[in-house]
$ cat target-v2.cif   # mmCIF, C-alpha atoms
data_coords
loop_
_atom_site.label_atom_id
_atom_site.label_comp_id
_atom_site.auth_asym_id
_atom_site.auth_seq_id
_atom_site.Cartn_x
_atom_site.Cartn_y
_atom_site.Cartn_z
CA MET R 1 -3.83 1.66 0.36
CA LYS R 2 -7.41 1.15 1.51
CA TRP R 3 -7.40 2.52 5.03
CA LYS R 4 -10.25 4.95 5.66
CA GLY R 5 -12.89 3.78 8.09
CA ARG R 6 -10.75 0.99 9.53
CA ARG R 7 -9.30 0.47 13.01
CA GLN R 8 -6.58 2.80 14.22
CA SER R 9 -4.03 1.76 16.81
CA GLY R 10 -4.34 2.91 20.40
CA ASN R 11 -0.54 2.85 20.60
CA LEU R 12 -0.05 6.02 18.54
CA GLU R 13 0.90 9.19 20.38
CA ASP R 14 0.70 12.33 18.26
CA ARG R 15 2.93 15.09 19.62
CA ARG R 16 2.80 17.22 16.48
CA GLY R 17 1.63 20.75 17.10
CA THR R 18 2.92 20.81 20.69
CA SER R 19 5.46 23.39 21.78
CA THR R 20 9.17 22.68 21.29
CA LYS R 21 12.14 24.37 22.93
CA GLY R 22 15.80 23.51 22.65
CA LYS R 23 18.78 23.17 20.35
CA LEU R 24 18.58 21.80 16.85
CA VAL R 25 21.35 21.30 14.35
CA ALA R 26 21.77 24.16 11.91
CA GLY R 27 21.11 23.14 8.34
CA GLY R 28 19.00 20.24 9.50
CA GLY R 29 17.62 19.66 6.03
CA ILE R 30 19.21 17.62 3.31
CA ILE R 31 22.79 17.46 4.68
CA ALA R 32 21.67 16.12 8.03
CA VAL R 33 19.15 13.81 6.38
CA VAL R 34 21.92 12.37 4.20
CA ILE R 35 24.06 11.66 7.25
CA ILE R 36 21.24 9.96 9.05
CA ILE R 37 19.90 7.99 6.12
CA LEU R 38 23.39 6.64 5.53
CA GLN R 39 23.77 5.54 9.13
CA LEU R 40 20.36 5.31 10.67
CA PHE R 41 17.37 5.11 8.35
CA GLY R 42 15.47 2.05 9.28
CA GLY R 43 18.06 1.40 11.94
CA GLU R 44 17.64 0.21 15.46
CA THR R 45 19.15 3.22 17.16
CA GLY R 46 20.16 1.60 20.39
CA GLN R 47 23.42 0.64 18.75
CA THR R 48 24.05 3.79 16.70
CA ILE R 49 22.17 6.86 17.82
CA ALA R 50 24.36 7.98 20.74
CA PRO R 51 27.65 8.51 18.86
CA ILE R 52 25.85 10.06 15.89
CA LEU R 53 23.94 12.46 18.11
CA GLU R 54 27.19 13.42 19.83
CA GLN R 55 28.84 14.04 16.48
CA ILE R 56 25.97 16.15 15.22
CA ASN R 57 25.61 18.10 18.44
CA GLN R 58 29.26 19.15 18.15
CA GLN R 59 28.35 20.97 14.97
CA GLN R 60 26.96 24.48 15.00
CA SER R 61 23.44 24.50 16.39
CA GLN R 62 20.61 26.95 16.64
CA SER R 63 17.92 27.57 19.22
CA VAL R 64 14.46 26.57 18.15
CA THR R 65 11.21 27.47 19.84
CA SER R 66 7.76 26.67 18.57
CA SER R 67 4.34 27.33 20.05
CA ASP R 68 1.36 25.04 20.25
CA ARG R 69 -0.68 25.06 17.08
CA GLN R 70 -3.64 23.26 15.62
CA LEU R 71 -2.86 20.53 13.09
CA THR R 72 -3.99 21.09 9.52
CA ALA R 73 -6.58 18.84 7.92
CA ASP R 74 -3.84 17.16 5.85
CA GLU R 75 -1.76 16.53 8.98
CA VAL R 76 -4.72 15.00 10.76
CA GLU R 77 -5.42 12.73 7.80
CA ILE R 78 -1.84 11.47 7.49
CA GLY R 79 -1.78 10.86 11.24
CA ASN R 80 -4.94 8.78 10.92
CA PHE R 81 -3.33 6.86 8.07
CA VAL R 82 -0.24 6.04 10.14
CA GLY R 83 -2.49 4.97 13.00
CA THR R 84 -4.25 2.54 10.66
CA VAL R 85 -0.95 1.14 9.33
CA LEU R 86 0.26 0.66 12.91
CA ALA R 87 -2.96 -1.21 13.73
CA ASP R 88 -2.39 -3.44 10.71
CA THR R 89 1.13 -4.29 11.88
CA GLU R 90 -0.31 -5.27 15.26
CA ASP R 91 -2.84 -7.59 13.67
CA VAL R 92 -0.28 -9.19 11.36
CA TRP R 93 2.44 -9.74 13.94
CA HIS R 94 0.06 -11.16 16.54
CA GLN R 95 -0.96 -13.66 13.84
CA VAL R 96 2.62 -14.47 12.78
CA PHE R 97 3.89 -14.89 16.35
CA GLN R 98 1.03 -17.25 17.15
CA LYS R 99 1.42 -19.22 13.91
CA HIS R 100 5.15 -19.81 14.46
CA ASN R 101 5.02 -20.27 18.26
CA LEU R 102 7.18 -17.20 18.87
CA GLY R 103 5.48 -16.24 22.11
CA THR R 104 3.28 -13.23 22.70
CA TYR R 105 3.75 -10.24 20.42
CA LYS R 106 4.24 -7.11 22.52
CA GLU R 107 2.87 -4.10 20.68
CA PRO R 108 5.25 -1.12 20.42
CA LYS R 109 4.31 2.53 20.77
CA MET R 110 4.73 5.05 17.96
CA ILE R 111 5.44 8.74 18.52
CA LEU R 112 4.70 11.32 15.84
CA PHE R 113 6.66 14.51 16.47
CA THR R 114 7.77 17.78 14.92
CA GLN R 115 11.29 19.21 15.00
CA GLN R 116 12.71 17.27 17.96
CA VAL R 117 11.92 14.49 20.38
CA THR R 118 13.41 12.87 23.47
CA SER R 119 13.60 9.10 23.61
CA ALA R 120 15.33 6.52 25.78
CA CYS R 121 18.06 6.53 23.12
CA GLY R 122 18.65 10.28 23.34
CA THR R 123 17.28 13.53 21.98
CA ALA R 124 16.86 13.64 18.22
CA SER R 125 15.86 16.29 15.70
CA SER R 126 13.73 15.82 12.62
CA ALA R 127 16.96 15.33 10.66
CA MET R 128 17.32 11.91 12.25
CA GLY R 129 14.52 10.56 10.12
CA PRO R 130 12.30 7.72 11.39
CA PHE R 131 13.93 5.49 14.01
CA TYR R 132 13.20 2.72 16.47
CA CYS R 133 14.55 2.90 20.02
CA PRO R 134 14.90 -0.51 21.73
CA GLY R 135 15.39 1.24 25.08
CA ASP R 136 11.72 2.17 25.28
CA GLN R 137 10.46 -0.03 22.40
CA LYS R 138 8.99 2.92 20.54
CA VAL R 139 9.08 4.10 16.94
CA TYR R 140 9.68 7.82 16.41
CA MET R 141 8.69 9.56 13.21
CA ASP R 142 8.56 13.12 11.90
CA LEU R 143 6.44 12.83 8.78
CA VAL R 144 8.28 15.75 7.15
CA PHE R 145 10.94 13.14 6.34
CA PHE R 146 8.80 11.78 3.52
CA ASN R 147 8.85 15.10 1.69
CA GLU R 148 12.66 14.88 1.69
CA LEU R 149 12.51 11.26 0.55
CA HIS R 150 10.44 12.30 -2.45
CA THR R 151 11.91 15.69 -3.39
CA ARG R 152 15.57 15.00 -2.62
CA PHE R 153 16.00 11.28 -3.15
CA GLY R 154 13.53 10.59 -5.93
CA ALA R 155 11.18 8.16 -4.21
CA GLN R 156 7.66 8.01 -5.61
CA LYS R 157 5.18 10.11 -3.72
CA GLY R 158 2.44 8.07 -2.12
CA ASP R 159 1.06 6.83 1.16
CA PHE R 160 2.56 3.36 0.83
CA ALA R 161 6.09 4.73 1.08
CA ILE R 162 5.07 5.76 4.60
CA ALA R 163 3.55 2.34 5.18
CA TYR R 164 6.80 0.64 4.06
CA VAL R 165 8.95 2.72 6.41
CA THR R 166 6.53 2.15 9.28
CA ALA R 167 6.53 -1.61 8.67
CA HIS R 168 10.35 -1.58 8.44
CA GLU R 169 10.67 0.14 11.81
CA ILE R 170 8.22 -2.32 13.32
CA GLY R 171 10.49 -4.99 11.86
CA HIS R 172 13.23 -3.73 14.15
CA HIS R 173 10.84 -4.12 17.06
CA VAL R 174 10.27 -7.73 16.03
CA GLN R 175 14.05 -8.22 15.98
CA THR R 176 14.22 -6.86 19.52
CA LEU R 177 11.46 -9.19 20.73
CA LEU R 178 13.15 -12.20 19.11
CA GLY R 179 16.60 -11.30 20.47
CA THR R 180 18.15 -10.80 17.02
CA SER R 181 19.24 -7.22 17.62
CA GLN R 182 20.92 -8.09 20.91
CA LYS R 183 22.89 -10.93 19.28
CA VAL R 184 24.03 -8.63 16.48
CA ARG R 185 25.29 -6.02 18.93
CA GLN R 186 27.26 -8.68 20.79
CA LEU R 187 28.85 -9.93 17.58
CA GLN R 188 29.69 -6.41 16.46
CA ARG R 189 31.65 -5.72 19.64
CA ASN R 190 34.15 -8.40 18.65
CA SER R 191 34.19 -7.69 14.91
CA SER R 192 36.18 -5.47 12.59
CA LYS R 193 34.46 -2.37 11.24
CA THR R 194 33.88 -4.10 7.90
CA GLU R 195 32.37 -7.19 9.52
CA ALA R 196 30.28 -5.07 11.86
CA ASN R 197 28.90 -3.22 8.84
CA LYS R 198 27.99 -6.54 7.18
CA LEU R 199 26.06 -7.52 10.29
CA SER R 200 24.27 -4.18 10.20
CA VAL R 201 23.34 -4.73 6.55
CA ALA R 202 21.92 -8.17 7.37
CA LEU R 203 19.89 -6.66 10.22
CA GLU R 204 18.47 -3.92 8.00
CA LEU R 205 17.62 -6.26 5.13
CA GLN R 206 15.84 -8.55 7.55
CA ALA R 207 13.70 -5.57 8.63
CA ASP R 208 12.95 -5.00 4.94
CA PHE R 209 11.92 -8.67 4.68
CA TYR R 210 9.62 -8.22 7.68
CA ALA R 211 8.09 -5.15 6.00
CA GLY R 212 7.39 -7.26 2.92
CA LEU R 213 5.98 -10.03 5.10
CA TRP R 214 3.58 -7.52 6.63
CA ALA R 215 2.50 -6.40 3.15
CA HIS R 216 1.89 -10.04 2.18
CA TYR R 217 -0.51 -10.53 5.09
CA ASN R 218 -2.13 -7.16 4.38
CA GLN R 219 -2.84 -7.71 0.68
CA GLN R 220 -6.59 -7.27 1.02
CA TYR R 221 -6.00 -3.58 1.69
CA LEU R 222 -3.41 -2.92 -1.03
CA GLU R 223 -4.18 -0.90 -4.14
CA GLU R 224 -2.56 -0.78 -7.54
CA GLY R 225 0.82 0.93 -7.33
CA ASP R 226 1.34 0.39 -3.59
CA ILE R 227 4.15 -2.16 -3.94
CA GLU R 228 5.84 0.01 -6.56
CA GLU R 229 5.79 2.92 -4.08
CA ALA R 230 7.42 0.74 -1.42
CA LEU R 231 10.08 -0.46 -3.86
CA SER R 232 10.76 3.10 -4.95
CA ALA R 233 11.36 4.11 -1.33
CA ALA R 234 13.60 1.07 -0.75
CA LYS R 235 15.58 1.90 -3.88
CA ALA R 236 15.99 5.55 -2.85
CA VAL R 237 17.56 4.66 0.51
CA GLY R 238 19.98 2.00 -0.73
CA ASP R 239 23.55 2.64 0.44
CA ASP R 240 24.89 2.65 -3.11
CA ALA R 241 22.24 5.09 -4.35
CA ILE R 242 22.88 7.54 -1.53
CA GLN R 243 26.68 7.28 -1.68
CA LYS R 244 26.62 7.89 -5.41
CA ARG R 245 24.31 10.87 -5.02
CA VAL R 246 26.26 12.39 -2.14
CA GLN R 247 29.89 11.65 -2.98
CA GLY R 248 29.79 10.53 -6.59
CA HIS R 249 31.15 7.03 -5.99
CA VAL R 250 30.33 3.86 -4.08
CA VAL R 251 32.35 2.30 -1.21
CA PRO R 252 30.85 -1.12 -0.37
CA ASP R 253 32.85 -1.54 2.85
CA TYR R 254 30.90 1.37 4.29
CA PHE R 255 27.48 -0.06 3.50
CA THR R 256 25.35 -0.36 6.65
CA HIS R 257 21.84 -0.86 5.21
CA GLY R 258 22.27 -2.67 1.92
CA THR R 259 22.18 -1.70 -1.73
CA SER R 260 19.03 -0.56 -3.48
CA ALA R 261 18.81 -3.94 -5.22
CA GLN R 262 19.18 -5.82 -1.93
CA ARG R 263 16.57 -3.74 -0.14
CA MET R 264 14.05 -4.25 -2.93
CA GLU R 265 14.93 -7.96 -3.18
CA TRP R 266 14.36 -8.70 0.49
CA PHE R 267 11.17 -6.65 0.68
CA LEU R 268 9.83 -8.57 -2.32
CA LYS R 269 10.95 -11.88 -0.82
CA GLY R 270 8.86 -11.22 2.26
CA TYR R 271 5.94 -9.97 0.20
CA LYS R 272 5.88 -12.81 -2.32
CA THR R 273 6.53 -15.73 0.04
CA GLY R 274 4.86 -14.62 3.26
CA ASP R 275 7.05 -17.25 4.86
CA MET R 276 8.76 -16.40 8.15
CA SER R 277 11.26 -19.22 7.61
CA ASN R 278 12.88 -17.20 4.80
CA HIS R 279 13.92 -14.38 7.14
CA ASP R 280 17.55 -15.42 7.77
CA THR R 281 19.49 -12.70 5.94
CA PHE R 282 22.54 -13.50 8.09
CA ALA R 283 22.95 -17.01 6.66
CA VAL R 284 22.77 -15.56 3.14
CA LEU R 285 24.99 -12.50 3.60
CA ILE R 286 27.52 -13.38 6.31
CA ASN R 287 30.29 -15.77 5.25
#

$ encode --input "target-v2.cif" --output "structure tokens"
Amino acid sequence: MKWKGRRQSGNLEDRRGTSTKGKLVAGGGIIAVVIIILQLFGGETGQTIAPILEQINQQQSQSVTSSDRQLTADEVEIGNFVGTVLADTEDVWHQVFQKHNLGTYKEPKMILFTQQVTSACGTASSAMGPFYCPGDQKVYMDLVFFNELHTRFGAQKGDFAIAYVTAHEIGHHVQTLLGTSQKVRQLQRNSSKTEANKLSVALELQADFYAGLWAHYNQQYLEEGDIEEALSAAKAVGDDAIQKRVQGHVVPDYFTHGTSAQRMEWFLKGYKTGDMSNHDTFAVLIN
């Protein structure tokens, strides 16, 4: 992605390199990442983070303390890249909201952190992966997650995988602004577990569509291979791909984010059409 020398968002807060004290889950690497990707990745955590955090915190934990340190040159560069992607999402969504008379787009904040972070949705470790908290309308991201996504789950390595995840999380912010997330939570309260999961899948696939929509409006900055990197990341975090990798078989009733094929399909639908009117995953997926 062509990003160097362009505007960076003023809504990015970089907390990496600052001191951290507290309790983190032992074995917070791949096992915890699997749990969270299955239930949270790309998710709007206002509806899911509390019970998952409680479950994880009941497991054996370890004390973690880190001192302030200076960021490496690579860390500074990737932070600048994320800041540019965030600025691009602001430009695109201001344009889309105005074009479709959706009101004023309220820009979210993004927090880059290391090891653990406290949000309005609770305290989370790096194992949580990227998440959006509707309580404070902020996106939280530990960029170490993308190493796991590549080395453990087979996603292509590249900056646009980060851009895809960022745009997906911003998609959850759009859902909050439009009232979609609130409606889904209300419906889930009166639904069976299977039906609630279907609603969650529709919500997540819509965020994938919004990520593709962002890429459509941002085409002037895309480079060869960028879309393939995004599709590789979407494929890697499909419910079926992760279930098969973790437990050796697939249980569709437990899908909460959509299959690899669905995630790629809806991202591509947003990217190819650039049409906000195609965003209704609920009409397509919910009978």

$ resolve_selection --input "target-v2.cif" --expression "the PyMOL selection byres ((chain R and resi 238) around 6)" --output "PyMOL selection string"
chain R and resi 235-237+239-241+258-260

$ residues_around --input "target-v2.cif" --residues "Asp208 of chain R" --least-positions-apart "5" --cutoff "12 Å" --atoms "only C-alpha atoms" --output "ChimeraX atom specification"
/R:41-43,163-172,174-175,201-203,213-215,230-231,233-235,237-238,257-271,279-281

$ closest_residue --input "target-v2.cif" --among "R:Trp93, R:Phe131, R:Trp3, R:Tyr210" --to "Asn80 of chain R" --atoms "all atoms listed in the file"
R:Trp3

$ resolve_selection --input "target-v2.cif" --expression "the PyMOL selection byres ((chain R and resi 106) around 10)" --output "list in words"
Glu90, Trp93, His94, Phe97, Gly103, Thr104, Tyr105, Glu107, Pro108, Lys109, Gln137, His173, Val174 and Leu177 of chain R

$ atom_distance --input "target-v2.cif" --atom1 "atom CA of Gln116 of chain R" --atom2 "atom CA of Asp142 of chain R"
8.4 Å

$ atom_distance --input "target-v2.cif" --atom1 "atom CA of Asp226 of chain R" --atom2 "atom CA of Asp159 of chain R"
8.0 Å

$ closest_residue --input "target-v2.cif" --among "R:Ala207, R:Leu199, R:Leu12, R:Ala87" --to "Phe113 of chain R" --atoms "all atoms listed in the file"
R:Leu12

$ residues_around --input "target-v2.cif" --residues "segment 69-72 of chain R" --least-positions-apart "3" --cutoff "7 Å" --atoms "only C-alpha atoms" --output "list in words"
Gly17, Thr18, Glu75 and Val76 of chain R

$ closest_residue --input "target-v2.cif" --among "R:Ala283, R:Val184, R:Leu86, R:Ala120" --to "Asp136 of chain R" --atoms "all atoms listed in the file"
R:Ala120

$ build_atoms --input "target-v2.cif" --residues "segment 192-204 of chain R" --atoms "N, CA, C and O atoms" --output "CSV table (one decimal), keeping the file's coordinate frame"
chain,number,residue,atom,x,y,z
R,192,SER,N,35.6,-6.6,13.3
R,192,SER,CA,36.2,-5.5,12.6
R,192,SER,C,35.1,-4.5,12.1
R,192,SER,O,33.9,-4.9,12.1
R,193,LYS,N,35.4,-3.3,11.7
R,193,LYS,CA,34.5,-2.4,11.2
R,193,LYS,C,33.7,-2.9,10.0
R,193,LYS,O,32.5,-2.8,9.9
R,194,THR,N,34.5,-3.5,9.1
R,194,THR,CA,33.9,-4.1,7.9
R,194,THR,C,32.9,-5.2,8.2
R,194,THR,O,31.8,-5.2,7.7
R,195,GLU,N,33.3,-6.1,9.1
R,195,GLU,CA,32.4,-7.2,9.5
R,195,GLU,C,31.2,-6.7,10.3
R,195,GLU,O,30.1,-7.2,10.1
R,196,ALA,N,31.4,-5.7,11.1
R,196,ALA,CA,30.3,-5.1,11.9
R,196,ALA,C,29.3,-4.4,10.9
R,196,ALA,O,28.1,-4.5,11.1
R,197,ASN,N,29.8,-3.8,9.8
R,197,ASN,CA,28.9,-3.2,8.8
R,197,ASN,C,28.1,-4.3,8.1
R,197,ASN,O,26.9,-4.1,7.8
R,198,LYS,N,28.7,-5.4,7.8
R,198,LYS,CA,28.0,-6.5,7.2
R,198,LYS,C,26.9,-7.0,8.1
R,198,LYS,O,25.8,-7.3,7.6
R,199,LEU,N,27.1,-7.1,9.4
R,199,LEU,CA,26.1,-7.5,10.3
R,199,LEU,C,24.9,-6.5,10.3
R,199,LEU,O,23.7,-6.9,10.4
R,200,SER,N,25.3,-5.2,10.2
R,200,SER,CA,24.3,-4.2,10.2
R,200,SER,C,23.4,-4.3,8.9
R,200,SER,O,22.2,-4.1,9.0
R,201,VAL,N,24.1,-4.6,7.8
R,201,VAL,CA,23.3,-4.7,6.6
R,201,VAL,C,22.3,-5.9,6.7
R,201,VAL,O,21.2,-5.8,6.3
R,202,ALA,N,22.8,-7.0,7.2
R,202,ALA,CA,21.9,-8.2,7.4
R,202,ALA,C,20.7,-7.8,8.3
R,202,ALA,O,19.6,-8.3,8.0
R,203,LEU,N,21.0,-7.1,9.3
R,203,LEU,CA,19.9,-6.7,10.2
R,203,LEU,C,18.9,-5.8,9.5
R,203,LEU,O,17.6,-6.0,9.6
R,204,GLU,N,19.4,-4.8,8.7
R,204,GLU,CA,18.5,-3.9,8.0
R,204,GLU,C,17.7,-4.6,6.9
R,204,GLU,O,16.5,-4.4,6.7
